[in-house]
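input_10.csv follows; it contains CSV, C-alpha atoms.
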chain,number,residue,atom,x,y,z
A,247,MET,CA,13.3,19.0,75.7
A,248,SER,CA,12.3,18.7,79.4
A,249,LEU,CA,10.3,16.1,81.2
A,250,THR,CA,6.6,17.1,81.2
A,251,THR,CA,3.9,18.3,76.8
A,252,GLU,CA,1.5,21.0,76.2
A,253,VAL,CA,-0.9,18.3,75.1
A,254,SER,CA,-0.3,15.9,78.0
A,255,ALA,CA,0.7,18.0,81.0
A,256,PRO,CA,-1.7,18.3,83.9
A,257,VAL,CA,-4.2,21.2,83.5
A,258,HIS,CA,-4.5,23.9,86.2
A,259,LEU,CA,-7.1,26.4,87.0
A,260,THR,CA,-6.6,29.7,88.8
A,261,PRO,CA,-6.3,29.3,92.6
A,262,ASN,CA,-9.9,30.4,93.4
A,263,THR,CA,-11.7,28.1,91.0
A,264,THR,CA,-15.0,26.7,92.3
A,265,SER,CA,-14.6,23.3,90.7
A,266,ASN,CA,-11.5,22.2,92.5
A,267,THR,CA,-10.0,23.6,95.6
A,268,GLN,CA,-6.6,22.5,94.7
A,269,GLY,CA,-6.8,24.3,91.3
A,270,ARG,CA,-6.7,21.3,89.1
A,271,ILE,CA,-9.2,20.1,86.5
A,272,THR,CA,-8.5,16.4,86.9
A,273,SER,CA,-11.3,15.5,84.4
A,274,ILE,CA,-9.3,16.9,81.5
A,275,ASP,CA,-6.3,14.7,82.2
A,276,ALA,CA,-8.7,11.7,82.7
A,277,LEU,CA,-10.6,12.4,79.5
A,278,ARG,CA,-7.3,12.6,77.6
A,279,GLY,CA,-6.3,9.2,79.2
A,280,PHE,CA,-9.7,7.7,78.2
A,281,ASP,CA,-9.1,8.8,74.7
A,282,MET,CA,-5.5,7.4,74.6
A,283,PHE,CA,-6.7,4.1,76.3
A,284,TRP,CA,-8.3,3.1,73.0
A,285,ILE,CA,-5.3,4.0,70.9
A,286,ILE,CA,-2.8,2.1,73.1
A,287,GLY,CA,-4.7,-1.2,73.1
A,288,GLY,CA,-8.3,-0.9,74.3
A,289,ASP,CA,-9.5,-1.5,70.7
A,290,ALA,CA,-7.4,-4.7,70.5
A,291,LEU,CA,-9.4,-6.2,73.4
A,292,PHE,CA,-12.6,-5.9,71.5
A,293,TYR,CA,-11.1,-7.2,68.3
A,294,ALA,CA,-10.1,-10.3,70.2
A,295,LEU,CA,-13.5,-10.6,71.9
A,296,ASN,CA,-15.1,-10.3,68.5
A,297,LYS,CA,-13.1,-13.4,67.4
A,298,MET,CA,-14.3,-15.3,70.5
A,299,ALA,CA,-17.9,-14.2,70.2
A,300,GLY,CA,-18.4,-15.2,66.6
A,301,THR,CA,-21.8,-14.0,65.5
A,302,ASN,CA,-22.7,-12.4,68.9
A,303,PRO,CA,-24.4,-9.1,67.6
A,304,LEU,CA,-23.5,-7.1,70.7
A,305,VAL,CA,-19.8,-7.9,70.7
A,306,ARG,CA,-19.6,-7.6,66.9
A,307,GLY,CA,-21.3,-4.2,67.1
A,308,LEU,CA,-18.8,-3.0,69.7
A,309,ALA,CA,-15.9,-4.2,67.6
A,310,ASP,CA,-17.3,-2.4,64.6
A,311,GLN,CA,-17.5,0.8,66.6
A,312,LEU,CA,-13.8,0.4,67.4
A,313,ASP,CA,-12.8,0.4,63.7
A,314,HIS,CA,-12.8,3.3,61.3
A,315,VAL,CA,-15.6,3.8,58.8
A,316,PRO,CA,-14.1,3.2,55.3
A,317,TRP,CA,-15.2,6.6,54.0
A,318,ALA,CA,-18.5,8.4,54.8
A,319,GLY,CA,-20.2,7.8,58.2
A,320,LEU,CA,-19.1,7.8,61.8
A,321,HIS,CA,-18.0,5.1,64.3
A,322,PHE,CA,-16.9,5.7,67.9
A,323,TYR,CA,-13.3,5.2,66.8
A,324,ASP,CA,-13.5,8.0,64.3
A,325,CYS,CA,-14.0,10.4,67.2
A,326,ILE,CA,-10.8,9.4,69.0
A,327,PHE,CA,-8.4,11.7,67.0
A,328,PRO,CA,-10.7,14.8,67.0
A,329,LEU,CA,-11.3,14.3,70.8
A,330,PHE,CA,-7.6,14.5,71.3
A,331,VAL,CA,-7.3,17.7,69.2
A,332,PHE,CA,-10.3,19.1,71.1
A,333,ILE,CA,-8.5,18.4,74.4
A,334,VAL,CA,-5.4,20.2,73.1
A,335,GLY,CA,-7.6,23.2,72.6
A,336,VAL,CA,-8.9,23.0,76.2
A,337,SER,CA,-5.4,22.7,77.5
A,338,ILE,CA,-4.2,25.7,75.6
A,339,VAL,CA,-6.5,28.0,77.5
A,340,PHE,CA,-5.1,27.1,80.9
A,341,SER,CA,-1.4,26.5,80.1
A,342,LEU,CA,-1.0,29.6,77.9
A,343,SER,CA,-2.9,31.9,80.2
A,344,LYS,CA,-0.6,30.9,83.0
A,345,ARG,CA,2.5,31.0,80.9
A,346,THR,CA,1.7,34.5,79.5
A,347,ALA,CA,1.0,35.8,83.0
A,348,LEU,CA,4.3,34.5,84.2
A,349,VAL,CA,6.7,35.4,81.4
A,350,GLY,CA,4.8,37.5,78.9
A,351,ARG,CA,3.3,36.9,75.5
A,352,GLY,CA,6.7,37.0,73.6
A,353,ALA,CA,8.1,34.1,75.7
A,354,ALA,CA,4.8,32.2,75.3
A,355,VAL,CA,5.1,32.5,71.5
A,356,ARG,CA,8.6,31.2,71.5
A,357,GLN,CA,7.4,28.3,73.6
A,358,ILE,CA,4.6,27.6,71.2
A,359,PHE,CA,7.0,27.4,68.2
A,360,ARG,CA,9.4,25.2,70.2
A,361,ARG,CA,6.7,22.7,71.1
A,362,PHE,CA,5.4,22.8,67.5
A,363,VAL,CA,8.8,21.8,66.1
A,364,ILE,CA,9.4,19.0,68.6
A,365,LEU,CA,5.9,17.5,68.2
A,366,TYR,CA,6.3,17.7,64.4
A,367,LEU,CA,9.7,16.0,64.6
A,368,PHE,CA,8.1,13.3,66.8
A,369,GLY,CA,5.6,12.8,64.1
A,370,LEU,CA,8.2,12.2,61.5
A,371,PHE,CA,9.9,9.8,63.8
A,372,THR,CA,6.8,7.7,64.4
A,373,TYR,CA,6.4,7.1,60.7
A,374,GLU,CA,10.0,5.7,60.5
A,375,GLY,CA,11.6,9.0,59.6
A,376,ILE,CA,14.3,8.4,56.9
A,377,GLU,CA,14.8,4.7,57.8
A,378,LYS,CA,13.5,3.5,54.5
A,379,GLY,CA,14.8,6.4,52.5
A,380,TYR,CA,14.0,10.0,51.8
A,381,GLU,CA,11.0,9.2,49.6
A,382,HIS,CA,9.4,7.3,52.5
A,383,ILE,CA,9.2,10.3,54.8
A,384,ARG,CA,5.6,11.2,55.7
A,385,LEU,CA,5.4,14.9,56.1
A,386,LEU,CA,1.8,14.9,57.5
A,387,GLY,CA,0.5,12.4,60.0
A,388,VAL,CA,-1.2,12.3,63.3
A,389,LEU,CA,1.3,14.0,65.5
A,390,GLN,CA,2.1,16.5,62.7
A,391,ARG,CA,-1.6,17.4,62.5
A,392,ILE,CA,-1.7,17.9,66.3
A,393,ALA,CA,1.4,20.0,66.1
A,394,LEU,CA,-0.1,22.2,63.3
A,395,CYS,CA,-3.4,22.5,65.1
A,396,TYR,CA,-1.7,23.5,68.3
A,397,LEU,CA,0.5,26.1,66.6
A,398,PHE,CA,-2.2,28.0,64.8
A,399,ALA,CA,-4.9,27.6,67.6
A,400,ALA,CA,-2.4,28.7,70.3
A,401,LEU,CA,-1.3,31.7,68.3
A,402,ALA,CA,-4.9,32.6,67.6
A,403,PHE,CA,-5.7,32.3,71.4
A,404,LEU,CA,-2.9,34.7,72.3
A,405,TYR,CA,-3.7,37.4,69.7
A,406,ILE,CA,-7.5,37.2,69.0
A,407,LYS,CA,-10.3,37.9,71.4
A,408,PRO,CA,-13.0,35.2,72.0
A,409,ARG,CA,-15.5,36.8,69.5
A,410,GLY,CA,-12.7,36.9,66.9
A,411,LEU,CA,-12.0,33.2,67.6
A,412,ILE,CA,-15.6,32.3,66.9
A,413,ALA,CA,-15.5,34.2,63.6
A,414,LEU,CA,-12.2,32.4,62.8
A,415,CYS,CA,-13.7,29.0,63.5
A,416,ALA,CA,-16.8,29.8,61.4
A,417,THR,CA,-14.6,31.0,58.6
A,418,LEU,CA,-12.5,27.9,58.6
A,419,LEU,CA,-15.5,25.5,58.5
A,420,ILE,CA,-17.6,27.5,56.1
A,421,GLY,CA,-14.6,28.4,53.9
A,422,TYR,CA,-13.5,24.7,53.7
A,423,TRP,CA,-17.1,23.7,52.8
A,424,ALA,CA,-17.1,26.4,50.1
A,425,LEU,CA,-13.8,25.2,48.6
A,426,MET,CA,-14.8,21.6,48.7
A,427,THR,CA,-18.2,22.3,47.2
A,428,PHE,CA,-17.6,24.9,44.5
A,429,VAL,CA,-14.0,24.6,43.4
A,430,PRO,CA,-13.9,22.1,40.5
A,431,VAL,CA,-11.4,19.2,40.5
A,432,PRO,CA,-9.8,18.8,37.0
A,433,GLY,CA,-11.5,15.9,35.2
A,434,VAL,CA,-14.1,15.5,38.0
A,435,GLY,CA,-15.9,18.8,38.6
A,436,ALA,CA,-17.0,20.5,41.7
A,437,GLY,CA,-18.8,19.1,44.8
A,438,ASN,CA,-17.7,15.5,44.5
A,439,PHE,CA,-16.8,14.1,47.9
A,440,GLU,CA,-15.8,10.6,46.9
A,441,ALA,CA,-12.4,9.1,47.7
A,442,GLY,CA,-9.8,10.3,45.3
A,443,LYS,CA,-12.2,12.7,43.5
A,444,ASN,CA,-12.6,15.5,46.0
A,445,LEU,CA,-10.6,18.7,46.2
A,446,ALA,CA,-8.7,17.8,49.4
A,447,ASN,CA,-7.4,14.6,47.8
A,448,TYR,CA,-6.5,16.5,44.6
A,449,VAL,CA,-4.5,19.1,46.5
A,450,ASP,CA,-2.5,16.3,48.3
A,451,ARG,CA,-1.9,14.5,45.0
A,452,GLU,CA,-0.6,17.7,43.3
A,453,TYR,CA,1.1,19.5,46.1
A,454,LEU,CA,2.0,17.2,49.0
A,455,PRO,CA,5.4,15.6,48.4
A,456,LEU,CA,6.9,12.3,49.5
A,457,ARG,CA,4.9,9.5,51.2
A,458,LYS,CA,1.1,9.7,51.5
A,459,TRP,CA,-0.8,7.3,53.7
A,460,ASP,CA,-3.5,6.4,51.1
A,461,GLY,CA,-1.5,6.2,48.0
A,462,ASP,CA,-1.6,9.6,46.3
A,463,TYR,CA,-3.5,11.4,49.1
A,464,ASP,CA,-3.4,11.5,52.9
A,465,PRO,CA,-6.1,11.5,55.6
A,466,GLU,CA,-4.0,14.1,57.4
A,467,GLY,CA,-3.5,16.1,54.3
A,468,LEU,CA,-2.9,19.8,53.4
A,469,LEU,CA,-6.3,21.2,52.9
A,470,SER,CA,-8.1,19.2,55.6
A,471,THR,CA,-5.8,20.7,58.2
A,472,LEU,CA,-7.9,23.9,58.0
A,473,PRO,CA,-11.0,22.4,59.6
A,474,ALA,CA,-8.9,20.4,62.0
A,475,ILE,CA,-7.7,23.7,63.4
A,476,GLY,CA,-11.4,24.4,63.8
A,477,THR,CA,-11.7,21.3,66.0
A,478,CYS,CA,-8.9,22.7,68.2
A,479,LEU,CA,-10.7,26.1,68.4
A,480,LEU,CA,-13.8,24.3,69.7
A,481,GLY,CA,-11.7,22.9,72.5
A,482,ILE,CA,-10.5,26.5,73.3
A,483,PHE,CA,-14.2,27.6,73.6
A,484,ALA,CA,-14.8,24.7,76.0
A,485,GLY,CA,-11.6,25.7,78.0
A,486,LEU,CA,-12.8,29.4,78.1
A,487,LEU,CA,-16.1,28.2,79.5
A,488,LEU,CA,-14.5,26.0,82.2
A,489,ARG,CA,-12.3,28.9,83.2
A,490,ARG,CA,-15.1,31.3,83.8
A,491,GLN,CA,-15.6,32.1,87.5
A,492,ASP,CA,-19.0,33.8,87.1
A,493,LEU,CA,-20.6,30.4,86.4
A,494,SER,CA,-21.4,27.6,88.7
A,495,ASP,CA,-20.2,24.1,88.0
A,496,SER,CA,-23.7,23.0,87.1
A,497,GLN,CA,-24.0,25.9,84.6
A,498,LYS,CA,-20.7,24.9,83.0
A,499,VAL,CA,-21.8,21.3,82.6
A,500,THR,CA,-25.2,22.3,81.3
A,501,ARG,CA,-23.7,24.7,78.7
A,502,LEU,CA,-21.0,22.2,77.6
A,503,ALA,CA,-23.6,19.5,77.1
A,504,ALA,CA,-26.0,21.9,75.3
A,505,TRP,CA,-23.2,23.2,73.0
A,506,GLY,CA,-22.3,19.6,72.3
A,507,ALA,CA,-25.9,18.6,71.4
A,508,ALA,CA,-26.2,21.7,69.2
A,509,GLY,CA,-23.0,20.9,67.4
A,510,ILE,CA,-24.2,17.3,66.7
A,511,VAL,CA,-27.6,18.5,65.4
A,512,VAL,CA,-26.1,21.2,63.2
A,513,GLY,CA,-23.4,18.8,61.9
A,514,LEU,CA,-26.0,16.1,61.1
A,515,PHE,CA,-28.1,18.6,59.1
A,516,TRP,CA,-25.0,19.8,57.3
A,517,SER,CA,-24.0,16.3,56.5
A,518,ILE,CA,-27.0,16.0,54.2
A,519,GLN,CA,-25.0,18.1,51.7
A,520,PHE,CA,-21.5,17.8,53.1
A,521,PRO,CA,-21.1,14.2,54.4
A,522,ILE,CA,-19.4,13.2,57.6
A,523,ILE,CA,-16.0,12.0,56.4
A,524,LYS,CA,-13.1,11.8,58.8
A,525,LYS,CA,-10.5,11.1,56.1
A,526,ILE,CA,-11.0,14.6,54.7
A,527,TRP,CA,-12.2,16.1,58.0
A,528,THR,CA,-15.4,17.6,56.6
A,529,SER,CA,-17.0,20.5,58.5
A,530,SER,CA,-20.0,18.3,59.4
A,531,PHE,CA,-17.5,15.9,60.9
A,532,VAL,CA,-15.9,18.7,62.9
A,533,LEU,CA,-19.2,19.7,64.4
A,534,VAL,CA,-20.5,16.2,65.2
A,535,ALA,CA,-17.1,15.0,66.6
A,536,GLY,CA,-16.7,18.3,68.5
A,537,GLY,CA,-20.2,17.9,69.9
A,538,ILE,CA,-19.5,14.4,71.2
A,539,SER,CA,-16.2,15.7,72.7
A,540,ALA,CA,-18.0,18.5,74.5
A,541,ILE,CA,-20.6,16.1,75.9
A,542,LEU,CA,-17.8,13.7,77.1
A,543,LEU,CA,-16.0,16.6,78.7
A,544,ALA,CA,-19.2,17.7,80.5
A,545,LEU,CA,-19.7,14.1,81.7
A,546,PHE,CA,-16.1,13.7,83.0
A,547,TYR,CA,-16.1,17.1,84.6
A,548,GLN,CA,-19.4,16.4,86.4
A,549,VAL,CA,-18.4,13.0,87.7
A,550,ILE,CA,-14.7,13.7,88.5
A,551,ASP,CA,-14.4,17.4,89.5
A,552,VAL,CA,-17.9,18.1,90.8
A,553,TRP,CA,-19.0,14.8,92.3
A,554,LYS,CA,-15.4,13.9,93.2
A,555,LYS,CA,-15.8,10.3,92.0
A,556,GLN,CA,-12.2,9.9,90.9
A,557,SER,CA,-10.9,6.5,92.0
A,558,TRP,CA,-12.4,4.7,88.9
A,559,ALA,CA,-10.5,7.1,86.6
A,560,ALA,CA,-7.1,6.5,88.1
A,561,PRO,CA,-5.8,4.5,85.1
A,562,PHE,CA,-7.1,7.1,82.7
A,563,LEU,CA,-5.3,9.8,84.8
A,564,TRP,CA,-2.0,7.9,84.6
A,565,ILE,CA,-2.3,7.7,80.8
A,566,GLY,CA,-3.6,11.2,80.3
A,567,THR,CA,-0.8,12.9,82.1
A,568,ASN,CA,1.8,11.2,79.9
A,569,ALA,CA,-0.2,10.7,76.6
A,570,ILE,CA,2.7,11.6,74.3
A,571,ALA,CA,5.1,9.4,76.2
A,572,VAL,CA,3.0,6.3,76.0
A,573,TYR,CA,2.1,7.1,72.3
A,574,MET,CA,5.8,7.3,71.5
A,575,LEU,CA,6.5,4.1,73.6
A,576,GLY,CA,4.2,2.2,71.3
A,577,HIS,CA,6.2,3.2,68.3
A,578,VAL,CA,9.6,2.5,69.8
A,579,VAL,CA,8.7,-0.7,71.6
A,580,PRO,CA,6.0,-2.8,69.9
A,581,LEU,CA,4.0,-3.8,73.0
A,582,GLU,CA,2.0,-6.4,71.2
A,583,ASN,CA,5.2,-8.3,70.3
A,584,LEU,CA,6.5,-7.9,73.9
A,585,ALA,CA,3.2,-9.2,75.2
A,586,GLU,CA,3.4,-12.3,73.0
A,587,ARG,CA,7.0,-13.0,74.2
A,588,ILE,CA,5.7,-12.7,77.8
A,589,VAL,CA,2.7,-15.0,77.4
A,590,GLY,CA,4.5,-17.3,75.0
A,591,GLY,CA,3.6,-18.2,71.4
A,592,GLU,CA,2.7,-21.8,72.4
A,593,ILE,CA,0.4,-20.7,75.1
A,594,MET,CA,-1.4,-18.3,72.8
A,595,GLY,CA,-1.7,-21.0,70.2
A,596,SER,CA,-3.1,-23.5,72.6
A,597,LEU,CA,-5.6,-20.9,73.9
A,598,ASN,CA,-6.7,-20.0,70.4
A,599,LYS,CA,-7.3,-23.7,69.7
A,600,ALA,CA,-9.3,-24.1,72.8
A,601,SER,CA,-11.4,-21.0,72.1
A,602,LYS,CA,-10.9,-18.9,68.9
A,603,GLY,CA,-9.5,-15.5,69.9
A,604,LEU,CA,-8.7,-16.4,73.6
A,605,GLY,CA,-4.9,-16.3,73.0
A,606,ASP,CA,-5.2,-13.0,71.2
A,607,LEU,CA,-7.3,-11.6,74.1
A,608,LEU,CA,-4.6,-12.6,76.6
A,609,ALA,CA,-1.9,-10.9,74.5
A,610,ALA,CA,-4.0,-7.8,74.0
A,611,THR,CA,-4.7,-7.6,77.8
A,612,VAL,CA,-1.0,-8.0,78.6
A,613,ALA,CA,0.0,-5.4,76.0
A,614,LEU,CA,-2.5,-2.9,77.4
A,615,ALA,CA,-1.5,-3.7,81.0
A,616,LEU,CA,2.2,-3.0,80.1
A,617,ALA,CA,1.2,0.4,78.7
A,618,ILE,CA,-0.9,1.3,81.7
A,619,LEU,CA,1.8,0.2,84.2
A,620,PHE,CA,4.4,2.3,82.3
A,621,CYS,CA,2.1,5.3,82.7
A,622,ARG,CA,1.5,4.5,86.4
A,623,PHE,CA,5.3,4.2,87.0
A,624,LEU,CA,5.8,7.7,85.5
A,625,TYR,CA,2.8,9.2,87.3
A,626,LYS,CA,3.7,7.9,90.8
A,627,ARG,CA,7.2,9.4,90.4
A,628,ARG,CA,5.8,12.7,89.1
A,629,ILE,CA,7.5,12.3,85.7
A,630,PHE,CA,5.7,13.9,82.8
A,631,LEU,CA,7.0,14.2,79.3
A,632,LYS,CA,6.9,17.9,78.3
A,633,VAL,CA,8.2,19.2,75.1
Before anything else, please render the file you have as structure tokens.
Amino acid sequence: MSLTTEVSAPVHLTPNTTSNTQGRITSIDALRGFDMFWIIGGDALFYALNKMAGTNPLVRGLADQLDHVPWAGLHFYDCIFPLFVFIVGVSIVFSLSKRTALVGRGAAVRQIFRRFVILYLFGLFTYEGIEKGYEHIRLLGVLQRIALCYLFAALAFLYIKPRGLIALCATLLIGYWALMTFVPVPGVGAGNFEAGKNLANYVDREYLPLRKWDGDYDPEGLLSTLPAIGTCLLGIFAGLLLRRQDLSDSQKVTRLAAWGAAGIVVGLFWSIQFPIIKKIWTSSFVLVAGGISAILLALFYQVIDVWKKQSWAAPFLWIGTNAIAVYMLGHVVPLENLAERIVGGEIMGSLNKASKGLGDLLAATVALALAILFCRFLYKRRIFLKV
């Protein structure tokens, strides 16, 4: 492993790009950092504010959006994971195009498999590996899903032309819908999308060994990995659009936003029959979350790379260029516990007595600040974790 990852390294354009004279799409790094910001502690700030605000509807509404929907439906926080997978797809276009041009497709394929293995092993580590025994190993999780999506989407990008990629994405989404809708689950029947009664959960229960996150099935399970690859392919389409030199920046932004809006509309219509459910990564969820991701990318690209308004995004840039590093840090060093040691248990207790949630807010702020400062330290010294 070297210092700098495919999913967190800075993204580069060809030298004659119109969007950035230095050949770098800063907005992709910043959007990745914005996404990770909520994972590494941004959500905890709103949880603490929610305690302080009591019945304040605005704060409570924001706190609700920073928590997952129990099953069907969509909150902002449900879009965080698919946004990261989407950005992985965007990054694939630039990194693999450059890598293939420099060393050839064979070497690029070897690099893809090496990165897949390392990311997958990182995933096993984040869920405590074999610390609690062999049966406790979680074979599929967040990083494992990212690794699998990266592997298959990257290989598809190298070997399949853009029209073929579109056909592949459509096949994955429609095929998954058909399986979930028409293949009967023993004892339940076909077309049931309830928790524990759908085909994806049944496949996990029967064929996914060892530890599963939700008892006998997993939100990052076997069958639902297929549409998740579709999410990564949507990111590849966005990357291909940003790489085009026959389009102006305004055209790129307009098309990204239009594609995003279209994805949301189609996904919402599809959800009438195939509900939006993150835990089984339904095809409607892929389109709605992918549409939101595309619109966010268009917004960040317009503000950061076209208008050059970049100073506000510096913390996101620090985080985004070392996303995997800070994610792993949070699993090795519990920042919440460290923050509580820094601010002191008695101080937190006193603040919570003075105002419910105030001590928790202080601890959450310190924990988030530690993560951001860690990323800033690495960024200023040009250190990037790359697998």
Inset, instruction - Choose the residue, out of A:Val431, A:Val511, A:Leu502, A:Leu468, that has the smallest atom-to-atom separation from A:Phe531; count all atoms listed in the file. - result: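 Comparing A:Val431, A:Val511, A:Leu502, A:Leu468 against A:Phe531, the winner is A:Val511.
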Legend entry - Polymer residues at most 9 Å from A:Phe439, all atoms listed in the file, same-chain spacing of 5 or more positions, as a ChimeraX atom specification: /A:426-427,444-445,520-521,523,526
Inset, instruction - Using all atoms listed in the file, find the one residue out of A:Phe283, A:Val633, A:Gly485, A:Phe340 that sits nearest to A:Gln357. - result: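 The closest residue to A:Gln357 is A:Val633.
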Inset, instruction - Would you work out the distance separating atom CA of A:Asn302 from atom CA of A:Ala535, expressed in Å to one decimal? - result: 28.1 Å
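In this structure, atom CA of A:Glu582 sits 5.3 Å away from atom CA of A:Ala613.
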Legend entry - stretch 568-581 of chain A environment, 7 Å, all atoms listed in the file, sequence neighbours closer than 2 positions dropped, as a PyMOL selection string: chain A and resi 254-255+279+282+372+564-566+583-585+613+617+621+630-631
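Among the candidates A:Pro408, A:Tyr293, A:Ile420, A:Arg457, the residue lying nearest to A:Tyr380 is A:Arg457 (atoms considered: all atoms listed in the file).
Our summary of the geometry notes that atom CA of A:Phe280 is positioned 27.7 Å from atom CA of A:Leu385.
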Legend entry - Which residue of A:Leu295, A:Ala544, A:Ala559, A:Ile522 approaches A:Leu320 most closely, using only C-alpha atoms: A:Ile522
Legend entry - Spatial neighbours of stretch 446-455 of chain A, 10 Å, all atoms listed in the file, chain gap at least 2 places, as an NGL selection string: :A and (381 or 383-386 or 422 or 425-426 or 431-432 or 439-444 or 457-458 or 460-471 or 525-528)
Inset, instruction - Give me the residues within 10 Å of A:Phe292 as a VMD selection string, counting all atoms listed in the file and dropping any in the same chain fewer than 3 places off. - result: chain A and resid 287 to 289 295 to 299 305 to 312 607 610
Legend entry - Non-local contacts of A:Ala399 (8 Å; all atoms listed in the file; under 6 positions in same chain excluded) as a PyMOL selection string: chain A and resi 335+475+478-479
Export of prior selection with C-alpha atoms as a PDB file, in the frame of the given file:
ATOM      1  CA  GLY A 335      -7.600  23.200  72.600  1.00  0.00           C
ATOM      2  CA  ILE A 475      -7.700  23.700  63.400  1.00  0.00           C
ATOM      3  CA  CYS A 478      -8.900  22.700  68.200  1.00  0.00           C
ATOM      4  CA  LEU A 479     -10.700  26.100  68.400  1.00  0.00           C
TER       5      LEU A 479
END
Generate a file for stretch 548-562 of chain A, containing N, CA, C and O atoms, as an mmCIF file, in the first residue's frame.
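Just written: out_28.cif:
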data_model
loop_
_atom_site.group_PDB
_atom_site.id
_atom_site.type_symbol
_atom_site.label_atom_id
_atom_site.label_comp_id
_atom_site.auth_asym_id
_atom_site.auth_seq_id
_atom_site.Cartn_x
_atom_site.Cartn_y
_atom_site.Cartn_z
ATOM 1 N N GLN A 548 -20.373 23.998 -10.460
ATOM 2 C CA GLN A 548 -20.653 25.375 -10.861
ATOM 3 C C GLN A 548 -19.994 26.369 -9.913
ATOM 4 O O GLN A 548 -19.320 27.317 -10.344
ATOM 5 N N VAL A 549 -20.165 26.144 -8.614
ATOM 6 C CA VAL A 549 -19.662 27.104 -7.625
ATOM 7 C C VAL A 549 -18.136 27.055 -7.515
ATOM 8 O O VAL A 549 -17.462 28.099 -7.514
ATOM 9 N N ILE A 550 -17.578 25.858 -7.458
ATOM 10 C CA ILE A 550 -16.154 25.717 -7.152
ATOM 11 C C ILE A 550 -15.277 25.803 -8.388
ATOM 12 O O ILE A 550 -14.253 26.507 -8.390
ATOM 13 N N ASP A 551 -15.632 25.110 -9.462
ATOM 14 C CA ASP A 551 -14.752 25.062 -10.633
ATOM 15 C C ASP A 551 -15.089 26.093 -11.698
ATOM 16 O O ASP A 551 -14.206 26.478 -12.469
ATOM 17 N N VAL A 552 -16.329 26.539 -11.751
ATOM 18 C CA VAL A 552 -16.703 27.534 -12.763
ATOM 19 C C VAL A 552 -16.627 28.943 -12.183
ATOM 20 O O VAL A 552 -15.950 29.814 -12.724
ATOM 21 N N TRP A 553 -17.289 29.166 -11.057
ATOM 22 C CA TRP A 553 -17.247 30.483 -10.434
ATOM 23 C C TRP A 553 -15.989 30.704 -9.610
ATOM 24 O O TRP A 553 -15.708 31.818 -9.179
ATOM 25 N N LYS A 554 -15.232 29.658 -9.335
ATOM 26 C CA LYS A 554 -13.985 29.707 -8.553
ATOM 27 C C LYS A 554 -14.204 30.181 -7.118
ATOM 28 O O LYS A 554 -13.303 30.765 -6.499
ATOM 29 N N LYS A 555 -15.382 29.923 -6.566
ATOM 30 C CA LYS A 555 -15.657 30.237 -5.163
ATOM 31 C C LYS A 555 -15.249 29.023 -4.342
ATOM 32 O O LYS A 555 -16.039 28.092 -4.129
ATOM 33 N N GLN A 556 -14.002 29.000 -3.872
ATOM 34 C CA GLN A 556 -13.439 27.782 -3.311
ATOM 35 C C GLN A 556 -13.089 27.862 -1.829
ATOM 36 O O GLN A 556 -12.992 26.828 -1.157
ATOM 37 N N SER A 557 -12.901 29.046 -1.292
ATOM 38 C CA SER A 557 -12.397 29.152 0.080
ATOM 39 C C SER A 557 -13.350 28.513 1.086
ATOM 40 O O SER A 557 -12.909 27.893 2.063
ATOM 41 N N TRP A 558 -14.663 28.644 0.878
ATOM 42 C CA TRP A 558 -15.644 28.090 1.806
ATOM 43 C C TRP A 558 -15.559 26.559 1.881
ATOM 44 O O TRP A 558 -15.938 25.959 2.890
ATOM 45 N N ALA A 559 -15.063 25.948 0.800
ATOM 46 C CA ALA A 559 -15.043 24.491 0.709
ATOM 47 C C ALA A 559 -13.735 23.881 1.180
ATOM 48 O O ALA A 559 -13.556 22.663 1.053
ATOM 49 N N ALA A 560 -12.828 24.677 1.734
ATOM 50 C CA ALA A 560 -11.519 24.148 2.138
ATOM 51 C C ALA A 560 -11.619 22.953 3.087
ATOM 52 O O ALA A 560 -10.962 21.930 2.864
ATOM 53 N N PRO A 561 -12.439 23.012 4.151
ATOM 54 C CA PRO A 561 -12.537 21.824 5.023
ATOM 55 C C PRO A 561 -13.037 20.587 4.290
ATOM 56 O O PRO A 561 -12.572 19.474 4.550
ATOM 57 N N PHE A 562 -13.980 20.772 3.373
ATOM 58 C CA PHE A 562 -14.471 19.636 2.585
ATOM 59 C C PHE A 562 -13.369 19.078 1.698
ATOM 60 O O PHE A 562 -13.261 17.862 1.497
#
